[in-house]
Number of protein chains: 2
Amino acid sequence: MKKSTITPLREKLSEVYDLRAALALLEWDEEVYMPPKGATARGQQRATVSALVHRLMTSPEMGRLLDSAEADAGLSENDKILVCETRYDFEKARKLPESFVQRFAEAQSQAYQSWTKAREESSFARFHPQLQTLVHLAREKAEHVGYSGSPYNALLEEFERGMTTEQLTPLFAELSQRQTALIKRVGASSNLEEESWLHQIWDENAQWALSLRVLGDMGYDFEAGRQDKAVHPFTTNFGIHDVRVTTRISATQLFSCLSSAMHEGGHALYEQGFREEDARSPLAEAPSLGLHESQSRLWENMIGRSAAFWAYGLPLLRQFFPGQLDGIPMGHVYRSINRVRPSLIRVEADECTYNLHIILRFEIEAALLDGSLNVTDIPHLWNAKMKQYLGLVPPNHSLGCLQDIHWSHGAFGYFPAYALGNLYAAQLFEQIRRDLPSLWKDVQEGNFIPLLGWLRTNIHRVGRRMTAPQLIESVTGRPPEAAPYLRYLEEKFV
Amino acid sequence: MKKSTITPLREKLSEVYDLRAALALLEWDEEVYMPPKGATARGQQRATVSALVHRLMTSPEMGRLLDSAEADAGLSENDKILVCETRYDFEKARKLPESFVQRFAEAQSQAYQSWTKAREESSFARFHPQLQTLVHLAREKAEHVGYSGSPYNALLEEFERGMTTEQLTPLFAELSQRQTALIKRVGASSNLEEESWLHQIWDENAQWALSLRVLGDMGYDFEAGRQDKAVHPFTTNFGIHDVRVTTRISATQLFSCLSSAMHEGGHALYEQGFREEDARSPLAEAPSLGLHESQSRLWENMIGRSAAFWAYGLPLLRQFFPGQLDGIPMGHVYRSINRVRPSLIRVEADECTYNLHIILRFEIEAALLDGSLNVTDIPHLWNAKMKQYLGLVPPNHSLGCLQDIHWSHGAFGYFPAYALGNLYAAQLFEQIRRDLPSLWKDVQEGNFIPLLGWLRTNIHRVGRRMTAPQLIESVTGRPPEAAPYLRYLEEKFV
């Protein structure tokens, strides 16, 4: 019998994936449970493990295993895709020297600690040196990786394969023009009085319990995951059967914990939905961050802010906060969670303004990368752009350019995926509504299983077998475009 | 300038230690927070990371770095010790093939899951196959490592360097003879009526808060550690500044959580007390498990069960459990926590009977290793020996041979260190009382700082610079012996 070329490759990949899982656990723990004095050692640990992952992924042995598999004419279609994706990862990783990977990981860890303090103290100066280092490293990374056009393209590629500044610029121009106009039309319909019931203290334990209840109803498997608290909510996984979400709770923000849980829940359902046989391989991954984000947006917004959802959700609210919603009509609750009002914080932004927060960040990042903006000037530019797009100026940097965790992770090029996630989600959701005529009725009854089933079949189980644009086109019949999102917004808000 | 031979060795060792920290985190998380379905993948991850640790530790590069450092005539005394200890670890690790390390880690993980279920169901049969595998692997390990005398010596060496079955057998014979006689003498003094106040429900949150209060007073740094709950309490570290303890809480067992916290706290103070400059090197380690255990025993028993401690502790109890100790005299509390009564569970055993639980396990392990005992026969032999030493027969296996986590970790040869810990602790404690004449007065006032200072100077900061017997002799002027522990017991209980 002919010797398999795939088995030894899979074994090698499993090693890489196990070590990545250890790295993900070091990161999860750092943000969830690590005591503060553990930070320095944790940074070293992450740096060491990152470098080892990189060393394994780029090892001559991996190269030889890939060569053999590519030369094997007897591979199944599935194995061919695995080999092809592994080759992509291998070549990408080989462009980054191990010493760079290690320096980057160390800088990330220091920057995260520094950002946490800077945000507490609202001091950009406190974060400045670490951010400066990360920008330098990001430029260095772009040079290692290579790019055509803007150096920012090298970073976009990491999160949204194939996407370029040149494609995003006109797309974002259309979105910002149409969404700015929309906000003006919708603006007058906002009604503060209808939201006055929200100004109560919402017991944190009840918020927590409600978020668990809704996650469970969505189909999140708590035997294969857990929810914890973190400053900045995120989802991580250490395998298909251990996918964890985090959330935050504020006693004065009723919807913050729930929305965050549904958002991260959307990510987590995706990761709990990969195929068992893809475990510990690159196929058990989303093809892009934007597609991953489409799953969180779909659950958080298309579902979680729909009238149908609140037919199910309002009775739950009344149950978890007894007496606190007496006499509040459904319309007030629905319009409160769908209020359109330009605001300072991205993660709390409504659906009409959200993309503008992203476009602002995209413009700043692209300018940082091409050298036309200095780190020192970020706060000023941030505030100027907030004024331009949203008519607001942050009173301090915690509510401005220090609000997001991403830059502390050196994750430049990440933000655009959030806007793409909105577009993908809306485009998929039009198809879902065609395919599942009883969707809204099911959602009203708190039955999310048909929706989850559709996503499992059409999105989750595909893994990385198609790119994001291929998958969108294969499912909806059209390449990714802005129109469905704009239709969705106009239908809902005008 | 001559090129350092130590710096590259230290860097390589740091890599090993960082990866070990990742492994320790995978283990901590598995026992503390991991969702159940994550178990299979976690086992694979531990196996992969264990194998990588082993590969790094035994790499030809490590060998070359060691050779260079050994050939360097200009090393400081401190660096010489580092090189010598690294050589010891290197040679030990080299004896185990990487494939063995990986198989062992996989078997451990499966056995841990199986033991958890077996203990719940009190079914030895459920654990049997995994335990059988681990015994086979332990024998295989002994053959790889080599030994003179009993194969069990190879396993003892891992936990208590230099200790042999031949040394333990007469030592344990003396202890079992003297302690059995002591129990008989003390037995009649036990008074159930004085303990009747314990039969209350003790609020679990208050127990938790009390344990945190006492840990803090002991000098445990919560900025460099944390306490969580686990089925079987343990201490772990991911560096000197991230040393974590776990405890368990039972609403009907007032002292269980506190004693466990003090026990693990003793371990944790040791690990928080290594020298900063030893971080990420083999010198930031205890020379033996027995010496580590001496620190936990000293805090749990010599301090935590002393009359002086309860002068501080009783007011705390009254504060944390208001009304529940009204009219209970100090004497009842002191005698309740020091009751001598043969019982089934090792971790709840009193100071007079504890070592007998260990001797039983030692005899079973040694017999498993030399092949004179089959796994199938463990329950029977366990029960027979319980009858012989303690006059009791467990009503089920959860209270018998399934009670301890150790075998599920394949940690044969570990238990004897607990008894040695008692001996070391008593011998050190005699010296502490000589060196700190005001010890009891300080303890009465809840001032543990002088004691911690003594331990820091004499024990913790030494790290692995001396073996356990060397350290005991250097501090107390005598080699390790049983007499101080027997004196301690007789003085306290007769």
# chains A, B, ... in the order shown; residues from 1 in each chain; ligands from 1
call {"tool": "residues_around", "arguments": {"residues": "Ile337 of chain A", "least_positions_apart": "2", "cutoff": "8 Å", "atoms": "only C-alpha atoms", "output": "PyMOL selection string"}}
result
chain A and resi 255+305+333-335+339
call {"tool": "write_last_selection", "arguments": {"atoms": "N, CA and C atoms", "output": "short mmCIF file (atom, residue, chain, number, x, y, z; two decimals), in the first residue's frame"}}
result
data_model
loop_
_atom_site.label_atom_id
_atom_site.label_comp_id
_atom_site.auth_asym_id
_atom_site.auth_seq_id
_atom_site.Cartn_x
_atom_site.Cartn_y
_atom_site.Cartn_z
N PHE A 255 -28.53 46.81 28.09
CA PHE A 255 -28.32 46.01 26.89
C PHE A 255 -26.87 45.64 26.62
N ARG A 305 -31.71 42.74 17.52
CA ARG A 305 -32.39 44.05 17.51
C ARG A 305 -33.65 44.02 16.64
N VAL A 333 -39.29 49.42 24.24
CA VAL A 333 -38.12 48.54 24.35
C VAL A 333 -37.45 48.40 22.98
N TYR A 334 -38.28 48.15 21.97
CA TYR A 334 -37.73 47.96 20.61
C TYR A 334 -37.01 49.23 20.15
N ARG A 335 -37.64 50.38 20.35
CA ARG A 335 -37.00 51.60 19.86
C ARG A 335 -35.80 51.99 20.71
N ARG A 339 -32.25 52.70 19.05
CA ARG A 339 -32.13 54.15 18.93
C ARG A 339 -30.94 54.47 18.02
#
call {"tool": "interface_residues", "arguments": {"of": "chain A", "to": "chain B", "cutoff": "10 Å", "atoms": "only C-alpha atoms", "output": "PDB file with N, CA and C atoms, in the first residue's frame"}}
result
ATOM      1  N   SER A  14      -1.331  19.263  13.477  1.00  0.00           N
ATOM      2  CA  SER A  14      -1.956  19.111  14.802  1.00  0.00           C
ATOM      3  C   SER A  14      -1.050  19.656  15.886  1.00  0.00           C
ATOM      4  N   GLU A  15       0.235  19.406  15.737  1.00  0.00           N
ATOM      5  CA  GLU A  15       1.212  19.919  16.695  1.00  0.00           C
ATOM      6  C   GLU A  15       1.156  21.452  16.732  1.00  0.00           C
ATOM      7  N   VAL A  16       1.150  22.049  15.535  1.00  0.00           N
ATOM      8  CA  VAL A  16       1.064  23.510  15.447  1.00  0.00           C
ATOM      9  C   VAL A  16      -0.217  23.997  16.117  1.00  0.00           C
ATOM     10  N   TYR A  17      -1.330  23.296  15.827  1.00  0.00           N
ATOM     11  CA  TYR A  17      -2.607  23.759  16.374  1.00  0.00           C
ATOM     12  C   TYR A  17      -2.678  23.582  17.883  1.00  0.00           C
ATOM     13  N   ASP A  18      -2.102  22.528  18.403  1.00  0.00           N
ATOM     14  CA  ASP A  18      -2.081  22.349  19.863  1.00  0.00           C
ATOM     15  C   ASP A  18      -1.291  23.471  20.526  1.00  0.00           C
ATOM     16  N   LEU A  19      -0.178  23.813  19.934  1.00  0.00           N
ATOM     17  CA  LEU A  19       0.654  24.855  20.511  1.00  0.00           C
ATOM     18  C   LEU A  19      -0.052  26.212  20.395  1.00  0.00           C
ATOM     19  N   ARG A  20      -0.791  26.404  19.302  1.00  0.00           N
ATOM     20  CA  ARG A  20      -1.586  27.625  19.169  1.00  0.00           C
ATOM     21  C   ARG A  20      -2.676  27.684  20.225  1.00  0.00           C
ATOM     22  N   ALA A  21      -3.235  26.524  20.541  1.00  0.00           N
ATOM     23  CA  ALA A  21      -4.263  26.484  21.580  1.00  0.00           C
ATOM     24  C   ALA A  21      -3.653  26.905  22.922  1.00  0.00           C
ATOM     25  N   ALA A  22      -2.430  26.448  23.185  1.00  0.00           N
ATOM     26  CA  ALA A  22      -1.749  26.845  24.422  1.00  0.00           C
ATOM     27  C   ALA A  22      -1.529  28.359  24.436  1.00  0.00           C
ATOM     28  N   LEU A  23      -1.165  28.896  23.299  1.00  0.00           N
ATOM     29  CA  LEU A  23      -0.976  30.346  23.180  1.00  0.00           C
ATOM     30  C   LEU A  23      -2.296  31.078  23.425  1.00  0.00           C
ATOM     31  N   LEU A  25      -4.722  30.060  25.192  1.00  0.00           N
ATOM     32  CA  LEU A  25      -5.055  29.969  26.613  1.00  0.00           C
ATOM     33  C   LEU A  25      -4.240  30.981  27.419  1.00  0.00           C
ATOM     34  N   LEU A  26      -2.965  31.139  27.076  1.00  0.00           N
ATOM     35  CA  LEU A  26      -2.142  32.157  27.746  1.00  0.00           C
ATOM     36  C   LEU A  26      -2.781  33.540  27.579  1.00  0.00           C
ATOM     37  N   ASP A  29      -6.322  33.714  29.549  1.00  0.00           N
ATOM     38  CA  ASP A  29      -6.062  33.835  30.979  1.00  0.00           C
ATOM     39  C   ASP A  29      -5.543  35.229  31.325  1.00  0.00           C
ATOM     40  N   TYR A  33      -8.205  36.102  34.048  1.00  0.00           N
ATOM     41  CA  TYR A  33      -7.909  35.703  35.421  1.00  0.00           C
ATOM     42  C   TYR A  33      -6.507  36.030  35.923  1.00  0.00           C
ATOM     43  N   MET A  34      -5.578  36.376  35.082  1.00  0.00           N
ATOM     44  CA  MET A  34      -4.189  36.536  35.527  1.00  0.00           C
ATOM     45  C   MET A  34      -4.024  37.655  36.554  1.00  0.00           C
ATOM     46  N   PRO A  35      -3.296  37.403  37.651  1.00  0.00           N
ATOM     47  CA  PRO A  35      -3.010  38.487  38.602  1.00  0.00           C
ATOM     48  C   PRO A  35      -2.047  39.495  37.961  1.00  0.00           C
ATOM     49  N   PRO A  36      -2.156  40.763  38.366  1.00  0.00           N
ATOM     50  CA  PRO A  36      -1.416  41.821  37.643  1.00  0.00           C
ATOM     51  C   PRO A  36       0.090  41.617  37.581  1.00  0.00           C
ATOM     52  N   LYS A  37       0.697  41.119  38.667  1.00  0.00           N
ATOM     53  CA  LYS A  37       2.151  40.979  38.635  1.00  0.00           C
ATOM     54  C   LYS A  37       2.629  39.856  37.710  1.00  0.00           C
ATOM     55  N   GLY A  38       1.681  39.070  37.209  1.00  0.00           N
ATOM     56  CA  GLY A  38       2.073  38.002  36.285  1.00  0.00           C
ATOM     57  C   GLY A  38       2.363  38.498  34.878  1.00  0.00           C
ATOM     58  N   ALA A  39       2.129  39.803  34.639  1.00  0.00           N
ATOM     59  CA  ALA A  39       2.146  40.311  33.262  1.00  0.00           C
ATOM     60  C   ALA A  39       3.496  40.149  32.560  1.00  0.00           C
ATOM     61  N   THR A  40       4.573  40.471  33.262  1.00  0.00           N
ATOM     62  CA  THR A  40       5.887  40.424  32.602  1.00  0.00           C
ATOM     63  C   THR A  40       6.212  39.000  32.151  1.00  0.00           C
ATOM     64  N   ALA A  41       6.062  38.072  33.069  1.00  0.00           N
ATOM     65  CA  ALA A  41       6.363  36.677  32.718  1.00  0.00           C
ATOM     66  C   ALA A  41       5.425  36.190  31.614  1.00  0.00           C
ATOM     67  N   ARG A  42       4.162  36.620  31.661  1.00  0.00           N
ATOM     68  CA  ARG A  42       3.222  36.177  30.648  1.00  0.00           C
ATOM     69  C   ARG A  42       3.623  36.680  29.263  1.00  0.00           C
ATOM     70  N   GLY A  43       4.116  37.910  29.234  1.00  0.00           N
ATOM     71  CA  GLY A  43       4.594  38.448  27.961  1.00  0.00           C
ATOM     72  C   GLY A  43       5.726  37.595  27.409  1.00  0.00           C
ATOM     73  N   GLN A  44       6.640  37.186  28.284  1.00  0.00           N
ATOM     74  CA  GLN A  44       7.753  36.334  27.852  1.00  0.00           C
ATOM     75  C   GLN A  44       7.231  34.985  27.369  1.00  0.00           C
ATOM     76  N   GLN A  45       6.249  34.462  28.103  1.00  0.00           N
ATOM     77  CA  GLN A  45       5.709  33.153  27.734  1.00  0.00           C
ATOM     78  C   GLN A  45       5.035  33.210  26.366  1.00  0.00           C
ATOM     79  N   ARG A  46       4.246  34.270  26.157  1.00  0.00           N
ATOM     80  CA  ARG A  46       3.572  34.395  24.873  1.00  0.00           C
ATOM     81  C   ARG A  46       4.589  34.542  23.752  1.00  0.00           C
ATOM     82  N   ALA A  47       5.637  35.316  24.038  1.00  0.00           N
ATOM     83  CA  ALA A  47       6.670  35.517  23.018  1.00  0.00           C
ATOM     84  C   ALA A  47       7.341  34.185  22.678  1.00  0.00           C
ATOM     85  N   THR A  48       7.696  33.420  23.708  1.00  0.00           N
ATOM     86  CA  THR A  48       8.349  32.132  23.476  1.00  0.00           C
ATOM     87  C   THR A  48       7.443  31.191  22.689  1.00  0.00           C
ATOM     88  N   VAL A  49       6.184  31.085  23.109  1.00  0.00           N
ATOM     89  CA  VAL A  49       5.290  30.133  22.451  1.00  0.00           C
ATOM     90  C   VAL A  49       4.969  30.589  21.026  1.00  0.00           C
ATOM     91  N   ALA A  51       6.926  32.225  19.091  1.00  0.00           N
ATOM     92  CA  ALA A  51       8.111  31.926  18.283  1.00  0.00           C
ATOM     93  C   ALA A  51       8.173  30.430  17.959  1.00  0.00           C
ATOM     94  N   LEU A  52       7.780  29.603  18.918  1.00  0.00           N
ATOM     95  CA  LEU A  52       7.791  28.160  18.663  1.00  0.00           C
ATOM     96  C   LEU A  52       6.746  27.768  17.635  1.00  0.00           C
ATOM     97  N   ASP A 221     -23.279  25.729  23.174  1.00  0.00           N
ATOM     98  CA  ASP A 221     -23.135  24.530  23.998  1.00  0.00           C
ATOM     99  C   ASP A 221     -22.220  24.827  25.187  1.00  0.00           C
ATOM    100  N   PHE A 222     -22.808  24.942  26.371  1.00  0.00           N
ATOM    101  CA  PHE A 222     -22.018  25.257  27.561  1.00  0.00           C
ATOM    102  C   PHE A 222     -21.168  24.091  28.051  1.00  0.00           C
ATOM    103  N   GLU A 223     -21.424  22.914  27.508  1.00  0.00           N
ATOM    104  CA  GLU A 223     -20.537  21.791  27.823  1.00  0.00           C
ATOM    105  C   GLU A 223     -19.250  21.892  26.994  1.00  0.00           C
ATOM    106  N   ALA A 224     -19.292  22.750  25.988  1.00  0.00           N
ATOM    107  CA  ALA A 224     -18.133  22.939  25.105  1.00  0.00           C
ATOM    108  C   ALA A 224     -17.729  24.411  25.092  1.00  0.00           C
ATOM    109  N   GLY A 225     -17.924  25.073  26.223  1.00  0.00           N
ATOM    110  CA  GLY A 225     -17.562  26.480  26.308  1.00  0.00           C
ATOM    111  C   GLY A 225     -17.964  27.062  27.640  1.00  0.00           C
ATOM    112  N   ARG A 226     -17.675  28.340  27.866  1.00  0.00           N
ATOM    113  CA  ARG A 226     -18.055  29.011  29.094  1.00  0.00           C
ATOM    114  C   ARG A 226     -17.992  30.512  28.837  1.00  0.00           C
ATOM    115  N   ASP A 228     -17.014  34.201  30.619  1.00  0.00           N
ATOM    116  CA  ASP A 228     -16.339  34.904  31.723  1.00  0.00           C
ATOM    117  C   ASP A 228     -16.409  36.404  31.461  1.00  0.00           C
ATOM    118  N   ASN A 237     -10.940  30.058  21.151  1.00  0.00           N
ATOM    119  CA  ASN A 237     -11.185  28.623  21.214  1.00  0.00           C
ATOM    120  C   ASN A 237      -9.878  27.868  21.380  1.00  0.00           C
ATOM    121  N   PHE A 238     -10.010  26.724  22.032  1.00  0.00           N
ATOM    122  CA  PHE A 238      -8.886  25.812  22.216  1.00  0.00           C
ATOM    123  C   PHE A 238      -9.289  24.475  21.601  1.00  0.00           C
ATOM    124  N   GLY A 239      -9.980  24.565  20.472  1.00  0.00           N
ATOM    125  CA  GLY A 239     -10.540  23.369  19.843  1.00  0.00           C
ATOM    126  C   GLY A 239     -12.034  23.592  19.625  1.00  0.00           C
ATOM    127  N   ILE A 240     -12.627  22.736  18.799  1.00  0.00           N
ATOM    128  CA  ILE A 240     -14.045  22.876  18.468  1.00  0.00           C
ATOM    129  C   ILE A 240     -14.922  22.701  19.696  1.00  0.00           C
ATOM    130  N   HIS A 241     -14.441  21.944  20.675  1.00  0.00           N
ATOM    131  CA  HIS A 241     -15.265  21.627  21.839  1.00  0.00           C
ATOM    132  C   HIS A 241     -14.881  22.441  23.070  1.00  0.00           C
ATOM    133  N   ASP A 242     -14.131  23.502  22.862  1.00  0.00           N
ATOM    134  CA  ASP A 242     -13.836  24.407  23.970  1.00  0.00           C
ATOM    135  C   ASP A 242     -13.712  25.819  23.390  1.00  0.00           C
ATOM    136  N   VAL A 243     -14.874  26.422  23.216  1.00  0.00           N
ATOM    137  CA  VAL A 243     -14.983  27.743  22.592  1.00  0.00           C
ATOM    138  C   VAL A 243     -15.549  28.699  23.640  1.00  0.00           C
ATOM    139  N   ARG A 244     -14.736  29.656  24.050  1.00  0.00           N
ATOM    140  CA  ARG A 244     -15.146  30.483  25.195  1.00  0.00           C
ATOM    141  C   ARG A 244     -15.483  31.913  24.801  1.00  0.00           C
ATOM    142  N   ALA A 279     -10.843  19.261  12.790  1.00  0.00           N
ATOM    143  CA  ALA A 279     -10.205  19.690  14.036  1.00  0.00           C
ATOM    144  C   ALA A 279      -8.687  19.649  13.913  1.00  0.00           C
ATOM    145  N   ARG A 280      -8.023  20.598  14.535  1.00  0.00           N
ATOM    146  CA  ARG A 280      -6.563  20.686  14.540  1.00  0.00           C
ATOM    147  C   ARG A 280      -5.979  20.828  13.126  1.00  0.00           C
TER     148      ARG A 280
END
call {"tool": "select_by_dssp", "arguments": {"residues": "segment 209-346 of chain A", "states": "strand (DSSP E or B)", "output": "JSON, numbers by chain"}}
result
{"A": [227, 228, 229, 235, 236, 237, 243, 244, 245, 246, 247]}
call {"tool": "closest_atom_pairs", "arguments": {"of": "segment 256-294 of chain A", "to": "segment 456-465 of chain A", "cutoff": "7 Å", "atoms": "only C-alpha atoms", "output": "Markdown table"}}
result
| residue | atom | partner | partner_atom | distance |
| --- | --- | --- | --- | --- |
| A:Tyr270 | CA | A:His460 | CA | 5.3 |
| A:Gly273 | CA | A:His460 | CA | 5.3 |
| A:Phe274 | CA | A:Arg461 | CA | 4.9 |
| A:Arg275 | CA | A:Arg461 | CA | 5.5 |
| A:Leu283 | CA | A:Arg464 | CA | 4.8 |
| A:Ala284 | CA | A:Gly463 | CA | 5.3 |
| A:Glu285 | CA | A:Gly463 | CA | 5.3 |
| A:Ala286 | CA | A:Arg464 | CA | 5.5 |
| A:Pro287 | CA | A:Arg464 | CA | 4.6 |
call {"tool": "closest_residue", "arguments": {"among": "A:Val101, A:Ala181, A:Leu155, A:Ala468", "to": "Ala366 of chain A", "atoms": "only C-alpha atoms"}}
result
A:Leu155
call {"tool": "closest_residue", "arguments": {"among": "B:Lys80, B:Arg478, B:Arg178, B:His406", "to": "Gln108 of chain B", "atoms": "only C-alpha atoms"}}
result
B:His406
call {"tool": "residues_around", "arguments": {"residues": "Glu70 of chain B", "least_positions_apart": "5", "cutoff": "9 Å", "atoms": "only C-alpha atoms", "output": "PyMOL selection string"}}
result
chain B and resi 5+65+75+80+83-84
call {"tool": "atom_distance", "arguments": {"atom1": "atom CA of Phe159 of chain A", "atom2": "atom CA of Leu289 of chain A"}}
result
5.3 Å
call {"tool": "residues_around", "arguments": {"residues": "segment 419-423 of chain A", "least_positions_apart": "4", "cutoff": "6 Å", "atoms": "only C-alpha atoms", "output": "list in words"}}
result
Gly290, Leu291, Glu293, Ser294, Asn355, Ala482 and Tyr485 of chain A
call {"tool": "residues_around", "arguments": {"residues": "Glu491 of chain A", "least_positions_apart": "6", "cutoff": "12 Å", "atoms": "only C-alpha atoms", "output": "MDAnalysis selection string"}}
result
chainID A and resid 182 186 352 426 483:485
call {"tool": "write_last_selection", "arguments": {"atoms": "C-alpha atoms", "output": "compact mmCIF listing (two decimals), in the first residue's frame"}}
result
# COMPACT_ATOMS: atom_id res chain seq x y z
CA LEU A 182 -29.39 58.28 6.59
CA VAL A 186 -33.50 59.27 10.94
CA CYS A 352 -26.70 53.38 11.37
CA ALA A 426 -26.96 41.73 5.60
CA ALA A 483 -26.50 47.33 -1.31
CA PRO A 484 -28.10 44.72 0.98
CA TYR A 485 -26.79 46.46 4.10
call {"tool": "select_by_dssp", "arguments": {"residues": "segment 199-422 of chain B", "states": "alpha helix (DSSP H)", "output": "VMD selection string"}}
result
chain B and resid 204 to 218 254 to 272 289 to 297 307 to 320 330 to 337 354 to 370 378 to 390 416 to 422
call {"tool": "closest_residue", "arguments": {"among": "B:Thr476, B:Cys401, B:Arg341, B:Gly63", "to": "Arg434 of chain B", "atoms": "only C-alpha atoms"}}
result
B:Thr476
call {"tool": "closest_residue", "arguments": {"among": "A:Thr133, A:Asn153, A:Thr58, A:Gln110", "to": "Thr86 of chain A", "atoms": "only C-alpha atoms"}}
result
A:Thr58
call {"tool": "atom_distance", "arguments": {"atom1": "atom CA of Ser122 of chain B", "atom2": "atom CA of Val231 of chain B"}}
result
15.1 Å
call {"tool": "residues_around", "arguments": {"residues": "Gly162 of chain A", "least_positions_apart": "5", "cutoff": "10 Å", "atoms": "only C-alpha atoms", "output": "MDAnalysis selection string"}}
result
chainID A and resid 153:154 156:157 167 288 467:469
call {"tool": "write_last_selection", "arguments": {"atoms": "C-alpha atoms", "output": "tab-separated table (two decimals), in the first residue's frame"}}
result
chain	number	residue	atom	x	y	z
A	153	ASN	CA	-2.52	46.02	2.24
A	154	ALA	CA	-0.03	43.65	3.81
A	156	LEU	CA	-5.37	43.78	5.61
A	157	GLU	CA	-4.37	40.49	4.00
A	167	GLN	CA	-11.00	48.35	-2.87
A	288	SER	CA	-11.66	35.78	6.93
A	467	THR	CA	-12.72	32.45	0.60
A	468	ALA	CA	-15.21	34.94	2.01
A	469	PRO	CA	-16.23	36.35	-1.41
call {"tool": "atom_distance", "arguments": {"atom1": "atom CA of Ala308 of chain A", "atom2": "atom CA of Gly323 of chain A"}}
result
22.7 Å
